[in-house]
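Shown next: upload-v3.cif, containing mmCIF, C-alpha atoms; chains and numbers go by the auth columns.
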```
data_query
loop_
_atom_site.group_PDB
_atom_site.id
_atom_site.type_symbol
_atom_site.label_atom_id
_atom_site.label_comp_id
_atom_site.label_asym_id
_atom_site.label_seq_id
_atom_site.Cartn_x
_atom_site.Cartn_y
_atom_site.Cartn_z
_atom_site.B_iso_or_equiv
_atom_site.auth_seq_id
_atom_site.auth_asym_id
ATOM 1 C CA MET A 1 0.000 0.000 0.000 0.00 1 A
ATOM 2 C CA SER A 2 1.370 3.411 -1.014 0.00 2 A
ATOM 3 C CA ALA A 3 1.650 6.364 1.343 0.00 3 A
ATOM 4 C CA ASP A 4 -1.327 8.045 -0.364 0.00 4 A
ATOM 5 C CA GLU A 5 -3.430 4.913 0.000 0.00 5 A
ATOM 6 C CA THR A 6 -2.445 4.554 3.646 0.00 6 A
ATOM 7 C CA PHE A 7 -3.397 8.160 4.325 0.00 7 A
ATOM 8 C CA ALA A 8 -6.726 7.778 2.492 0.00 8 A
ATOM 9 C CA SER A 9 -7.487 4.682 4.563 0.00 9 A
ATOM 10 C CA PHE A 10 -6.665 6.573 7.748 0.00 10 A
ATOM 11 C CA ILE A 11 -8.942 9.491 6.834 0.00 11 A
ATOM 12 C CA LYS A 12 -11.769 7.072 5.996 0.00 12 A
ATOM 13 C CA GLU A 13 -11.307 5.331 9.350 0.00 13 A
ATOM 14 C CA ILE A 14 -11.559 8.503 11.434 0.00 14 A
ATOM 15 C CA SER A 15 -14.228 10.231 9.344 0.00 15 A
ATOM 16 C CA SER A 16 -17.007 8.555 11.310 0.00 16 A
ATOM 17 C CA LYS A 17 -15.477 9.269 14.729 0.00 17 A
ATOM 18 C CA LYS A 18 -16.924 11.980 16.956 0.00 18 A
ATOM 19 C CA ASN A 19 -14.626 11.980 20.001 0.00 19 A
ATOM 20 C CA ILE A 20 -11.004 11.525 18.995 0.00 20 A
ATOM 21 C CA LEU A 21 -8.343 11.388 21.681 0.00 21 A
ATOM 22 C CA VAL A 22 -4.780 12.278 20.655 0.00 22 A
ATOM 23 C CA LEU A 23 -1.534 11.498 22.474 0.00 23 A
ATOM 24 C CA ALA A 24 1.244 13.658 21.024 0.00 24 A
ATOM 25 C CA GLY A 25 4.989 13.680 21.593 0.00 25 A
ATOM 26 C CA ALA A 26 8.110 15.539 20.548 0.00 26 A
ATOM 27 C CA GLY A 27 8.071 14.064 17.045 0.00 27 A
ATOM 28 C CA ILE A 28 5.287 16.364 15.851 0.00 28 A
ATOM 29 C CA SER A 29 7.513 19.401 16.480 0.00 29 A
ATOM 30 C CA VAL A 30 10.787 18.093 15.042 0.00 30 A
ATOM 31 C CA SER A 31 9.986 19.421 11.564 0.00 31 A
ATOM 32 C CA CYS A 32 9.524 22.848 13.147 0.00 32 A
ATOM 33 C CA GLY A 33 13.164 22.840 14.208 0.00 33 A
ATOM 34 C CA ILE A 34 12.551 21.722 17.793 0.00 34 A
ATOM 35 C CA PRO A 35 14.659 18.649 18.616 0.00 35 A
ATOM 36 C CA ASP A 36 13.317 15.690 20.505 0.00 36 A
ATOM 37 C CA PHE A 37 15.218 14.523 23.571 0.00 37 A
ATOM 38 C CA ARG A 38 16.673 11.056 23.101 0.00 38 A
ATOM 39 C CA SER A 39 17.171 10.347 19.384 0.00 39 A
ATOM 40 C CA GLN A 40 20.581 10.450 17.725 0.00 40 A
ATOM 41 C CA ASP A 41 19.972 14.044 16.672 0.00 41 A
ATOM 42 C CA GLY A 42 18.023 14.867 19.808 0.00 42 A
ATOM 43 C CA LEU A 43 18.653 17.486 22.432 0.00 43 A
ATOM 44 C CA TYR A 44 20.621 15.308 24.847 0.00 44 A
ATOM 45 C CA ASN A 45 23.082 14.274 22.123 0.00 45 A
ATOM 46 C CA THR A 46 23.530 17.668 20.469 0.00 46 A
ATOM 47 C CA LEU A 47 23.264 20.198 23.297 0.00 47 A
ATOM 48 C CA ASN A 48 26.517 22.003 24.083 0.00 48 A
ATOM 49 C CA TYR A 49 25.731 21.861 27.779 0.00 49 A
ATOM 50 C CA GLN A 50 29.244 22.848 28.865 0.00 50 A
ATOM 51 C CA GLU A 51 28.912 26.113 26.961 0.00 51 A
ATOM 52 C CA LEU A 52 25.789 26.779 29.015 0.00 52 A
ATOM 53 C CA GLY A 53 27.689 26.079 32.232 0.00 53 A
ATOM 54 C CA LEU A 54 25.957 22.746 32.924 0.00 54 A
ATOM 55 C CA THR A 55 27.445 19.426 33.996 0.00 55 A
ATOM 56 C CA SER A 56 25.059 17.316 31.880 0.00 56 A
ATOM 57 C CA PRO A 57 22.304 17.857 29.277 0.00 57 A
ATOM 58 C CA GLU A 58 19.652 16.740 31.785 0.00 58 A
ATOM 59 C CA ASP A 59 20.572 19.674 34.040 0.00 59 A
ATOM 60 C CA LEU A 60 18.893 22.014 31.562 0.00 60 A
ATOM 61 C CA PHE A 61 15.466 20.978 32.874 0.00 61 A
ATOM 62 C CA ASP A 62 16.453 20.221 36.469 0.00 62 A
ATOM 63 C CA ILE A 63 14.601 22.345 39.025 0.00 63 A
ATOM 64 C CA GLU A 64 17.504 22.506 41.490 0.00 64 A
ATOM 65 C CA THR A 65 19.823 23.699 38.726 0.00 65 A
ATOM 66 C CA PHE A 66 17.251 26.295 37.711 0.00 66 A
ATOM 67 C CA LYS A 67 16.966 27.539 41.293 0.00 67 A
ATOM 68 C CA ASP A 68 20.725 27.764 41.572 0.00 68 A
ATOM 69 C CA ASP A 69 21.151 29.631 38.285 0.00 69 A
ATOM 70 C CA PRO A 70 18.298 30.141 35.786 0.00 70 A
ATOM 71 C CA ARG A 71 20.510 31.693 33.118 0.00 71 A
ATOM 72 C CA PRO A 72 21.355 28.471 31.197 0.00 72 A
ATOM 73 C CA PHE A 73 17.684 27.607 30.799 0.00 73 A
ATOM 74 C CA PHE A 74 16.704 31.042 29.525 0.00 74 A
ATOM 75 C CA ARG A 75 19.650 31.125 27.113 0.00 75 A
ATOM 76 C CA PHE A 76 18.301 27.912 25.624 0.00 76 A
ATOM 77 C CA ALA A 77 14.594 28.736 25.842 0.00 77 A
ATOM 78 C CA LYS A 78 14.785 32.018 23.918 0.00 78 A
ATOM 79 C CA ASN A 79 15.004 30.047 20.657 0.00 79 A
ATOM 80 C CA LEU A 80 11.851 28.058 21.461 0.00 80 A
ATOM 81 C CA TYR A 81 9.646 30.816 22.794 0.00 81 A
ATOM 82 C CA PRO A 82 6.121 31.172 21.357 0.00 82 A
ATOM 83 C CA GLY A 83 6.059 33.373 18.296 0.00 83 A
ATOM 84 C CA ARG A 84 9.424 32.297 16.870 0.00 84 A
ATOM 85 C CA ILE A 85 8.358 28.923 15.472 0.00 85 A
ATOM 86 C CA GLU A 86 5.529 28.019 13.109 0.00 86 A
ATOM 87 C CA PRO A 87 3.280 24.956 13.670 0.00 87 A
ATOM 88 C CA SER A 88 3.887 21.803 11.639 0.00 88 A
ATOM 89 C CA PRO A 89 1.355 19.952 9.436 0.00 89 A
ATOM 90 C CA CYS A 90 0.727 17.693 12.445 0.00 90 A
ATOM 91 C CA HIS A 91 -0.347 20.669 14.538 0.00 91 A
ATOM 92 C CA ASN A 92 -2.528 21.913 11.697 0.00 92 A
ATOM 93 C CA PHE A 93 -4.121 18.456 11.498 0.00 93 A
ATOM 94 C CA LEU A 94 -5.059 18.746 15.175 0.00 94 A
ATOM 95 C CA ALA A 95 -6.544 22.169 14.469 0.00 95 A
ATOM 96 C CA TRP A 96 -8.531 20.639 11.597 0.00 96 A
ATOM 97 C CA LEU A 97 -9.954 17.983 13.943 0.00 97 A
ATOM 98 C CA ASN A 98 -10.855 20.751 16.357 0.00 98 A
ATOM 99 C CA GLN A 99 -12.544 22.739 13.586 0.00 99 A
ATOM 100 C CA LYS A 100 -14.568 19.662 12.613 0.00 100 A
ATOM 101 C CA SER A 101 -15.644 19.278 16.279 0.00 101 A
ATOM 102 C CA THR A 102 -14.258 15.733 16.390 0.00 102 A
ATOM 103 C CA LEU A 103 -11.311 16.394 18.720 0.00 103 A
ATOM 104 C CA LEU A 104 -12.144 15.354 22.252 0.00 104 A
ATOM 105 C CA ARG A 105 -8.733 16.233 23.657 0.00 105 A
ATOM 106 C CA VAL A 106 -5.046 16.267 22.773 0.00 106 A
ATOM 107 C CA TYR A 107 -2.628 15.225 25.500 0.00 107 A
ATOM 108 C CA THR A 108 0.789 16.522 24.587 0.00 108 A
ATOM 109 C CA GLN A 109 4.213 15.921 26.087 0.00 109 A
ATOM 110 C CA ASN A 110 5.455 19.086 24.388 0.00 110 A
ATOM 111 C CA ILE A 111 5.919 22.465 26.044 0.00 111 A
ATOM 112 C CA ASP A 112 6.084 24.606 22.889 0.00 112 A
ATOM 113 C CA GLY A 113 2.360 25.500 22.785 0.00 113 A
ATOM 114 C CA LEU A 114 2.189 24.959 19.024 0.00 114 A
ATOM 115 C CA GLU A 115 -1.130 23.143 19.337 0.00 115 A
ATOM 116 C CA GLU A 116 -2.842 26.339 20.431 0.00 116 A
ATOM 117 C CA GLN A 117 -0.839 28.440 17.987 0.00 117 A
ATOM 118 C CA ALA A 118 -2.167 26.245 15.180 0.00 118 A
ATOM 119 C CA GLY A 119 -5.737 26.927 16.282 0.00 119 A
ATOM 120 C CA VAL A 120 -6.635 24.159 18.724 0.00 120 A
ATOM 121 C CA ASP A 121 -8.910 25.527 21.444 0.00 121 A
ATOM 122 C CA LYS A 122 -7.017 25.753 24.718 0.00 122 A
ATOM 123 C CA THR A 123 -9.768 23.804 26.478 0.00 123 A
ATOM 124 C CA LYS A 124 -8.946 20.889 24.172 0.00 124 A
ATOM 125 C CA VAL A 125 -5.239 20.762 25.093 0.00 125 A
ATOM 126 C CA VAL A 126 -3.765 19.093 28.173 0.00 126 A
ATOM 127 C CA TYR A 127 -0.068 19.794 28.635 0.00 127 A
ATOM 128 C CA ALA A 128 1.391 16.788 30.432 0.00 128 A
ATOM 129 C CA HIS A 129 4.578 18.694 31.245 0.00 129 A
ATOM 130 C CA GLY A 130 3.198 22.224 31.245 0.00 130 A
ATOM 131 C CA SER A 131 3.877 24.799 28.540 0.00 131 A
ATOM 132 C CA LEU A 132 5.789 27.971 27.782 0.00 132 A
ATOM 133 C CA LEU A 133 2.525 29.827 27.174 0.00 133 A
ATOM 134 C CA ASN A 134 2.282 30.850 30.820 0.00 134 A
ATOM 135 C CA ALA A 135 4.661 31.600 33.675 0.00 135 A
ATOM 136 C CA THR A 136 4.599 32.186 37.418 0.00 136 A
ATOM 137 C CA CYS A 137 6.730 34.264 39.773 0.00 137 A
ATOM 138 C CA MET A 138 8.696 32.003 42.107 0.00 138 A
ATOM 139 C CA LYS A 139 8.372 34.491 44.957 0.00 139 A
ATOM 140 C CA CYS A 140 4.854 35.908 44.978 0.00 140 A
ATOM 141 C CA ASN A 141 3.109 33.470 42.607 0.00 141 A
ATOM 142 C CA ALA A 142 1.985 36.254 40.261 0.00 142 A
ATOM 143 C CA LYS A 143 0.820 34.940 36.878 0.00 143 A
ATOM 144 C CA TYR A 144 2.229 36.014 33.511 0.00 144 A
ATOM 145 C CA SER A 145 1.589 35.114 29.888 0.00 145 A
ATOM 146 C CA ALA A 146 4.329 34.253 27.419 0.00 146 A
ATOM 147 C CA GLN A 147 3.804 37.639 25.789 0.00 147 A
ATOM 148 C CA ASP A 148 4.436 39.407 29.086 0.00 148 A
ATOM 149 C CA ILE A 149 7.983 38.095 29.360 0.00 149 A
ATOM 150 C CA ALA A 150 8.786 37.328 25.709 0.00 150 A
ATOM 151 C CA SER A 151 10.843 40.472 25.109 0.00 151 A
ATOM 152 C CA ASP A 152 13.112 39.724 28.067 0.00 152 A
ATOM 153 C CA VAL A 153 13.515 36.042 27.188 0.00 153 A
ATOM 154 C CA LYS A 154 14.296 36.749 23.535 0.00 154 A
ATOM 155 C CA ALA A 155 16.846 39.367 24.619 0.00 155 A
ATOM 156 C CA GLY A 156 18.545 36.850 26.901 0.00 156 A
ATOM 157 C CA ILE A 157 17.380 38.638 30.045 0.00 157 A
ATOM 158 C CA ILE A 158 16.016 36.747 33.056 0.00 158 A
ATOM 159 C CA PRO A 159 12.384 37.901 33.443 0.00 159 A
ATOM 160 C CA LEU A 160 11.738 39.385 36.865 0.00 160 A
ATOM 161 C CA CYS A 161 8.364 39.929 38.484 0.00 161 A
ATOM 162 C CA GLN A 162 7.066 43.497 38.227 0.00 162 A
ATOM 163 C CA ARG A 163 4.240 43.037 40.692 0.00 163 A
ATOM 164 C CA VAL A 164 4.028 45.997 43.062 0.00 164 A
ATOM 165 C CA LYS A 165 4.534 44.944 46.657 0.00 165 A
ATOM 166 C CA GLU A 166 1.675 45.622 49.018 0.00 166 A
ATOM 167 C CA LYS A 167 2.282 48.240 51.635 0.00 167 A
ATOM 168 C CA ARG A 168 2.113 46.795 55.102 0.00 168 A
ATOM 169 C CA THR A 169 0.159 48.698 57.702 0.00 169 A
ATOM 170 C CA LYS A 170 0.025 48.136 61.430 0.00 170 A
ATOM 171 C CA ALA A 171 -3.034 46.218 62.535 0.00 171 A
ATOM 172 C CA ARG A 172 -5.430 47.966 64.857 0.00 172 A
ATOM 173 C CA LYS A 173 -5.627 46.628 68.402 0.00 173 A
ATOM 174 C CA ASP A 174 -9.183 45.427 67.959 0.00 174 A
ATOM 175 C CA THR A 175 -8.137 43.252 65.010 0.00 175 A
ATOM 176 C CA SER A 176 -4.869 41.912 66.414 0.00 176 A
ATOM 177 C CA ALA A 177 -6.469 38.545 67.148 0.00 177 A
ATOM 178 C CA GLN A 178 -7.931 38.268 63.645 0.00 178 A
ATOM 179 C CA LYS A 179 -7.368 34.829 62.155 0.00 179 A
ATOM 180 C CA LEU A 180 -5.077 34.387 59.189 0.00 180 A
ATOM 181 C CA THR A 181 -7.917 32.758 57.268 0.00 181 A
ATOM 182 C CA ASP A 182 -9.889 35.995 57.558 0.00 182 A
ATOM 183 C CA LYS A 183 -7.238 38.016 55.757 0.00 183 A
ATOM 184 C CA PRO A 184 -7.283 38.657 52.004 0.00 184 A
ATOM 185 C CA GLN A 185 -5.920 35.773 49.936 0.00 185 A
ATOM 186 C CA ASN A 186 -3.028 37.725 48.448 0.00 186 A
ATOM 187 C CA THR A 187 -1.909 38.894 51.911 0.00 187 A
ATOM 188 C CA ARG A 188 -1.949 35.326 53.235 0.00 188 A
ATOM 189 C CA THR A 189 0.168 34.148 50.336 0.00 189 A
ATOM 190 C CA LEU A 190 2.847 36.775 50.817 0.00 190 A
ATOM 191 C CA ARG A 191 3.171 36.113 54.552 0.00 191 A
ATOM 192 C CA LYS A 192 3.087 32.348 54.291 0.00 192 A
ATOM 193 C CA ARG A 193 6.067 31.989 51.971 0.00 193 A
ATOM 194 C CA SER A 194 9.455 32.033 53.688 0.00 194 A
ATOM 195 C CA PHE A 195 11.430 31.512 50.415 0.00 195 A
ATOM 196 C CA GLN A 196 14.059 29.539 52.318 0.00 196 A
ATOM 197 C CA HIS A 197 14.117 26.921 49.558 0.00 197 A
ATOM 198 C CA TYR A 198 14.652 29.672 46.997 0.00 198 A
ATOM 199 C CA SER A 199 17.676 31.146 48.770 0.00 199 A
ATOM 200 C CA GLU A 200 20.019 30.397 45.857 0.00 200 A
ATOM 201 C CA VAL A 201 17.664 32.109 43.429 0.00 201 A
ATOM 202 C CA ASP A 202 17.451 35.265 45.514 0.00 202 A
ATOM 203 C CA GLY A 203 20.857 36.351 44.275 0.00 203 A
ATOM 204 C CA TYR A 204 19.288 36.957 40.853 0.00 204 A
ATOM 205 C CA CYS A 205 16.042 38.441 42.173 0.00 205 A
ATOM 206 C CA VAL A 206 17.084 42.071 42.114 0.00 206 A
ATOM 207 C CA PRO A 207 14.042 44.312 41.616 0.00 207 A
ATOM 208 C CA THR A 208 14.249 46.586 38.618 0.00 208 A
ATOM 209 C CA LYS A 209 12.827 49.357 40.722 0.00 209 A
ATOM 210 C CA GLU A 210 11.960 49.945 44.325 0.00 210 A
ATOM 211 C CA GLY A 211 8.685 48.496 45.546 0.00 211 A
ATOM 212 C CA VAL A 212 8.334 45.615 43.076 0.00 212 A
ATOM 213 C CA CYS A 213 8.692 41.904 43.785 0.00 213 A
ATOM 214 C CA GLY A 214 11.680 41.132 41.570 0.00 214 A
ATOM 215 C CA GLY A 215 11.269 37.344 41.781 0.00 215 A
ATOM 216 C CA ILE A 216 12.235 35.145 38.865 0.00 216 A
ATOM 217 C CA VAL A 217 9.322 34.433 36.522 0.00 217 A
ATOM 218 C CA LYS A 218 9.515 30.706 35.756 0.00 218 A
ATOM 219 C CA PRO A 219 7.695 29.242 32.755 0.00 219 A
ATOM 220 C CA ASP A 220 4.880 26.889 33.766 0.00 220 A
ATOM 221 C CA ILE A 221 6.663 23.739 32.659 0.00 221 A
ATOM 222 C CA THR A 222 7.391 20.703 34.827 0.00 222 A
ATOM 223 C CA PHE A 223 11.109 20.400 35.525 0.00 223 A
ATOM 224 C CA PHE A 224 12.818 17.230 36.678 0.00 224 A
ATOM 225 C CA GLY A 225 12.332 17.163 40.423 0.00 225 A
ATOM 226 C CA GLU A 226 8.821 18.629 40.280 0.00 226 A
ATOM 227 C CA LYS A 227 5.583 16.678 40.513 0.00 227 A
ATOM 228 C CA LEU A 228 3.376 16.258 37.482 0.00 228 A
ATOM 229 C CA GLY A 229 0.052 18.029 37.761 0.00 229 A
ATOM 230 C CA SER A 230 -2.777 15.801 39.017 0.00 230 A
ATOM 231 C CA HIS A 231 -5.103 17.388 36.441 0.00 231 A
ATOM 232 C CA VAL A 232 -3.545 15.267 33.688 0.00 232 A
ATOM 233 C CA GLY A 233 -4.627 11.931 35.161 0.00 233 A
ATOM 234 C CA LEU A 234 -8.015 13.241 36.232 0.00 234 A
ATOM 235 C CA SER A 235 -8.739 14.641 32.787 0.00 235 A
ATOM 236 C CA LEU A 236 -7.669 11.407 31.112 0.00 236 A
ATOM 237 C CA GLN A 237 -9.967 9.380 33.363 0.00 237 A
ATOM 238 C CA ASN A 238 -12.911 11.561 32.364 0.00 238 A
ATOM 239 C CA ASP A 239 -12.092 11.469 28.647 0.00 239 A
ATOM 240 C CA TRP A 240 -11.258 7.791 28.276 0.00 240 A
ATOM 241 C CA SER A 241 -14.827 6.539 28.464 0.00 241 A
ATOM 242 C CA LYS A 242 -15.999 9.145 25.941 0.00 242 A
ATOM 243 C CA ALA A 243 -13.353 8.509 23.286 0.00 243 A
ATOM 244 C CA ASP A 244 -14.209 6.450 20.202 0.00 244 A
ATOM 245 C CA ALA A 245 -10.750 6.683 18.636 0.00 245 A
ATOM 246 C CA LEU A 246 -7.159 7.111 19.798 0.00 246 A
ATOM 247 C CA ILE A 247 -4.388 8.624 17.671 0.00 247 A
ATOM 248 C CA VAL A 248 -0.781 8.413 18.860 0.00 248 A
ATOM 249 C CA MET A 249 1.568 10.745 17.003 0.00 249 A
ATOM 250 C CA GLY A 250 5.140 11.877 17.494 0.00 250 A
ATOM 251 C CA THR A 251 5.910 9.430 20.294 0.00 251 A
ATOM 252 C CA SER A 252 6.739 5.756 20.707 0.00 252 A
ATOM 253 C CA LEU A 253 5.253 5.816 24.239 0.00 253 A
ATOM 254 C CA SER A 254 8.323 3.871 25.342 0.00 254 A
ATOM 255 C CA VAL A 255 9.404 6.520 27.886 0.00 255 A
#
```

Go through the file and emit its structure as structure tokens.
Amino acid sequence: MSADETFASFIKEISSKKNILVLAGAGISVSCGIPDFRSQDGLYNTLNYQELGLTSPEDLFDIETFKDDPRPFFRFAKNLYPGRIEPSPCHNFLAWLNQKSTLLRVYTQNIDGLEEQAGVDKTKVVYAHGSLLNATCMKCNAKYSAQDIASDVKAGIIPLCQRVKEKRTKARKDTSAQKLTDKPQNTRTLRKRSFQHYSEVDGYCVPTKEGVCGGIVKPDITFFGEKLGSHVGLSLQNDWSKADALIVMGTSLSV
């Protein structure tokens, strides 16, 4: 059977499906110029990690390494940031399924966000390892979009949180016994965090101006040493019984 015949058979097979589940891996982004991890031409075999000041390729996505010095990661990530790379035909195929209202969900191992860039509705995408589309301050937990920090990342500058610190006022005597749970959520968050486990990072958290947080804004991806989000398994449990077809693309599922 020729490639055209195989493709025609595939299209015929899925044409009657209404709830297609997709599991996607690094392979769907390779043609975009984004290397996979473990192949002969993959990231771990081609990365000049010593030039980045790392002891091994795996350190690039290690959370302890990032806390100690985030500069190697951001030097690497600036070439992958949303807006610099165009989606592949695989991503456009996912967008086509979405447009036809036959895509139940795509579970992707990738962090590049190209599924959404191609036109897949964000409610249809589950990022197993997070994505570069969003970021969070490591000090105050303020949320940022990729666009908010893109100019810094592309310029090779570590993005720092610009959230204005809240002014602390002395509590009145009649409220001194007020419970912590009665205080505003953002106040509780700021007081609860001691940042002791971010002590190494603090050396780089120099506010750009007085009165702002200045914490490092970390992309919302799961580094080695961090727990995977529980939402992935919960979402998959809900979707599995609804799916009438499963497409695996860009991954051997061996890792």

Q) Of the candidates A:Asp148, A:Asp244, A:Asp239, A:Glu86, which shows the shortest atom-to-atom distance to Gln117 (chain A), using all atoms listed in the file? A)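 Answer, going by the shortest atom-to-atom distance: A:Glu86.
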
(Q) Which residues would end up in the selection if the PyMOL selection byres ((chain A and resi 44) around 12) were applied here, given that I need the answer as a PyMOL selection string? (A) chain A and resi 35-43+45-49+56-61

Could you save the residues just selected, with C-alpha atoms, as a PDB file, in the frame of the given file?
```
ATOM      1  CA  PRO A  35      14.659  18.649  18.616  1.00  0.00           C
ATOM      2  CA  ASP A  36      13.317  15.690  20.505  1.00  0.00           C
ATOM      3  CA  PHE A  37      15.218  14.523  23.571  1.00  0.00           C
ATOM      4  CA  ARG A  38      16.673  11.056  23.101  1.00  0.00           C
ATOM      5  CA  SER A  39      17.171  10.347  19.384  1.00  0.00           C
ATOM      6  CA  GLN A  40      20.581  10.450  17.725  1.00  0.00           C
ATOM      7  CA  ASP A  41      19.972  14.044  16.672  1.00  0.00           C
ATOM      8  CA  GLY A  42      18.023  14.867  19.808  1.00  0.00           C
ATOM      9  CA  LEU A  43      18.653  17.486  22.432  1.00  0.00           C
ATOM     10  CA  ASN A  45      23.082  14.274  22.123  1.00  0.00           C
ATOM     11  CA  THR A  46      23.530  17.668  20.469  1.00  0.00           C
ATOM     12  CA  LEU A  47      23.264  20.198  23.297  1.00  0.00           C
ATOM     13  CA  ASN A  48      26.517  22.003  24.083  1.00  0.00           C
ATOM     14  CA  TYR A  49      25.731  21.861  27.779  1.00  0.00           C
ATOM     15  CA  SER A  56      25.059  17.316  31.880  1.00  0.00           C
ATOM     16  CA  PRO A  57      22.304  17.857  29.277  1.00  0.00           C
ATOM     17  CA  GLU A  58      19.652  16.740  31.785  1.00  0.00           C
ATOM     18  CA  ASP A  59      20.572  19.674  34.040  1.00  0.00           C
ATOM     19  CA  LEU A  60      18.893  22.014  31.562  1.00  0.00           C
ATOM     20  CA  PHE A  61      15.466  20.978  32.874  1.00  0.00           C
TER      21      PHE A  61
END
```

(Q) Applying the PyMOL selection byres ((chain A and resi 101) around 12) to the file I just gave you, which residues come out? Please list them as a list in words. (A)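 For this structure, the PyMOL selection byres ((chain A and resi 101) around 12) captures Ser15, Ser16, Lys17, Lys18, Asn19, Ile20, Leu94, Ala95, Trp96, Leu97, Asn98, Gln99, Lys100, Thr102, Leu103, Leu104, Arg105, Val120, Asp121 and Lys124 of chain A.
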
Q.
Taking all atoms listed in the file into account, name the residue in A:Pro82, A:Asn92, A:Gln109, A:Thr123 that is nearest to Lys154 (chain A).
A.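 The shortest atom-to-atom distance to Lys154 (chain A) comes from A:Pro82.
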
**Q.** Expansion of the PyMOL selection byres ((chain A and resi 63-79) around 10) into residues, as a PyMOL selection string
**A.** chain A and resi 33-34+47+49-55+58-62+80-85+112+132+138+150-159+197-204+216-219+222-226

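If you look at CA of Leu23 (chain A) and CA of Ile111 (chain A), they are 13.7 Å away from each other.
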
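With distances taken over all atoms listed in the file, A:Leu21 is the one residue among A:Leu21, A:Ala142, A:Glu210, A:Val164 lying closest to Ser241 (chain A).
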
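The coordinates place CA of Cys161 (chain A) at 6.0 Å from CA of Cys137 (chain A).
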
Q | Gap from CA of Gly113 (chain A) to CA of Phe7 (chain A) - Å, one decimal | A |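 Computing it gives 26.0 Å between the two atoms.
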
Residues at most 8 Å from Gly229 (chain A), counting all atoms listed in the file, excluding those fewer than 2 positions away in the same chain, as a PDB file with C-alpha atoms, in the coordinates of the input?
```
ATOM      1  CA  ALA A 128       1.391  16.788  30.432  1.00  0.00           C
ATOM      2  CA  HIS A 129       4.578  18.694  31.245  1.00  0.00           C
ATOM      3  CA  LYS A 227       5.583  16.678  40.513  1.00  0.00           C
ATOM      4  CA  HIS A 231      -5.103  17.388  36.441  1.00  0.00           C
ATOM      5  CA  VAL A 232      -3.545  15.267  33.688  1.00  0.00           C
TER       6      VAL A 232
END
```

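Counting only C-alpha atoms and comparing A:Phe10, A:Gly215, A:Gly119, A:Ser131, the residue that lies closest to Lys165 (chain A) is A:Gly215.
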
Using the incomplete input, complete region 108-122 of chain A to the level of N, CA and C atoms; output as a compact mmCIF listing (two decimals), in the frame of the given file.
```txt
# COMPACT_ATOMS: atom_id res chain seq x y z
N THR A 108 -0.51 16.34 25.20
CA THR A 108 0.79 16.52 24.59
C THR A 108 1.91 16.53 25.62
N GLN A 109 3.02 15.89 25.25
CA GLN A 109 4.21 15.92 26.09
C GLN A 109 5.03 17.18 25.83
N ASN A 110 4.66 17.93 24.81
CA ASN A 110 5.46 19.09 24.39
C ASN A 110 5.12 20.34 25.20
N ILE A 111 6.09 21.22 25.28
CA ILE A 111 5.92 22.46 26.04
C ILE A 111 5.87 23.68 25.14
N ASP A 112 5.95 23.48 23.81
CA ASP A 112 6.08 24.61 22.89
C ASP A 112 4.79 25.37 22.65
N GLY A 113 3.63 24.79 22.97
CA GLY A 113 2.36 25.50 22.78
C GLY A 113 1.92 25.62 21.34
N LEU A 114 2.52 24.85 20.45
CA LEU A 114 2.19 24.96 19.02
C LEU A 114 0.80 24.44 18.70
N GLU A 115 0.24 23.60 19.55
CA GLU A 115 -1.13 23.14 19.34
C GLU A 115 -2.09 24.32 19.33
N GLU A 116 -1.97 25.16 20.35
CA GLU A 116 -2.84 26.34 20.43
C GLU A 116 -2.52 27.34 19.34
N GLN A 117 -1.22 27.50 19.04
CA GLN A 117 -0.84 28.44 17.99
C GLN A 117 -1.42 28.04 16.64
N ALA A 118 -1.59 26.73 16.44
CA ALA A 118 -2.17 26.24 15.18
C ALA A 118 -3.67 26.46 15.12
N GLY A 119 -4.30 26.68 16.27
CA GLY A 119 -5.74 26.93 16.28
C GLY A 119 -6.55 25.97 17.12
N VAL A 120 -5.89 25.06 17.84
CA VAL A 120 -6.64 24.16 18.72
C VAL A 120 -7.10 24.95 19.94
N ASP A 121 -8.36 24.83 20.28
CA ASP A 121 -8.91 25.53 21.44
C ASP A 121 -8.16 25.10 22.70
N LYS A 122 -7.82 26.07 23.54
CA LYS A 122 -7.02 25.75 24.72
C LYS A 122 -7.72 24.79 25.67
```
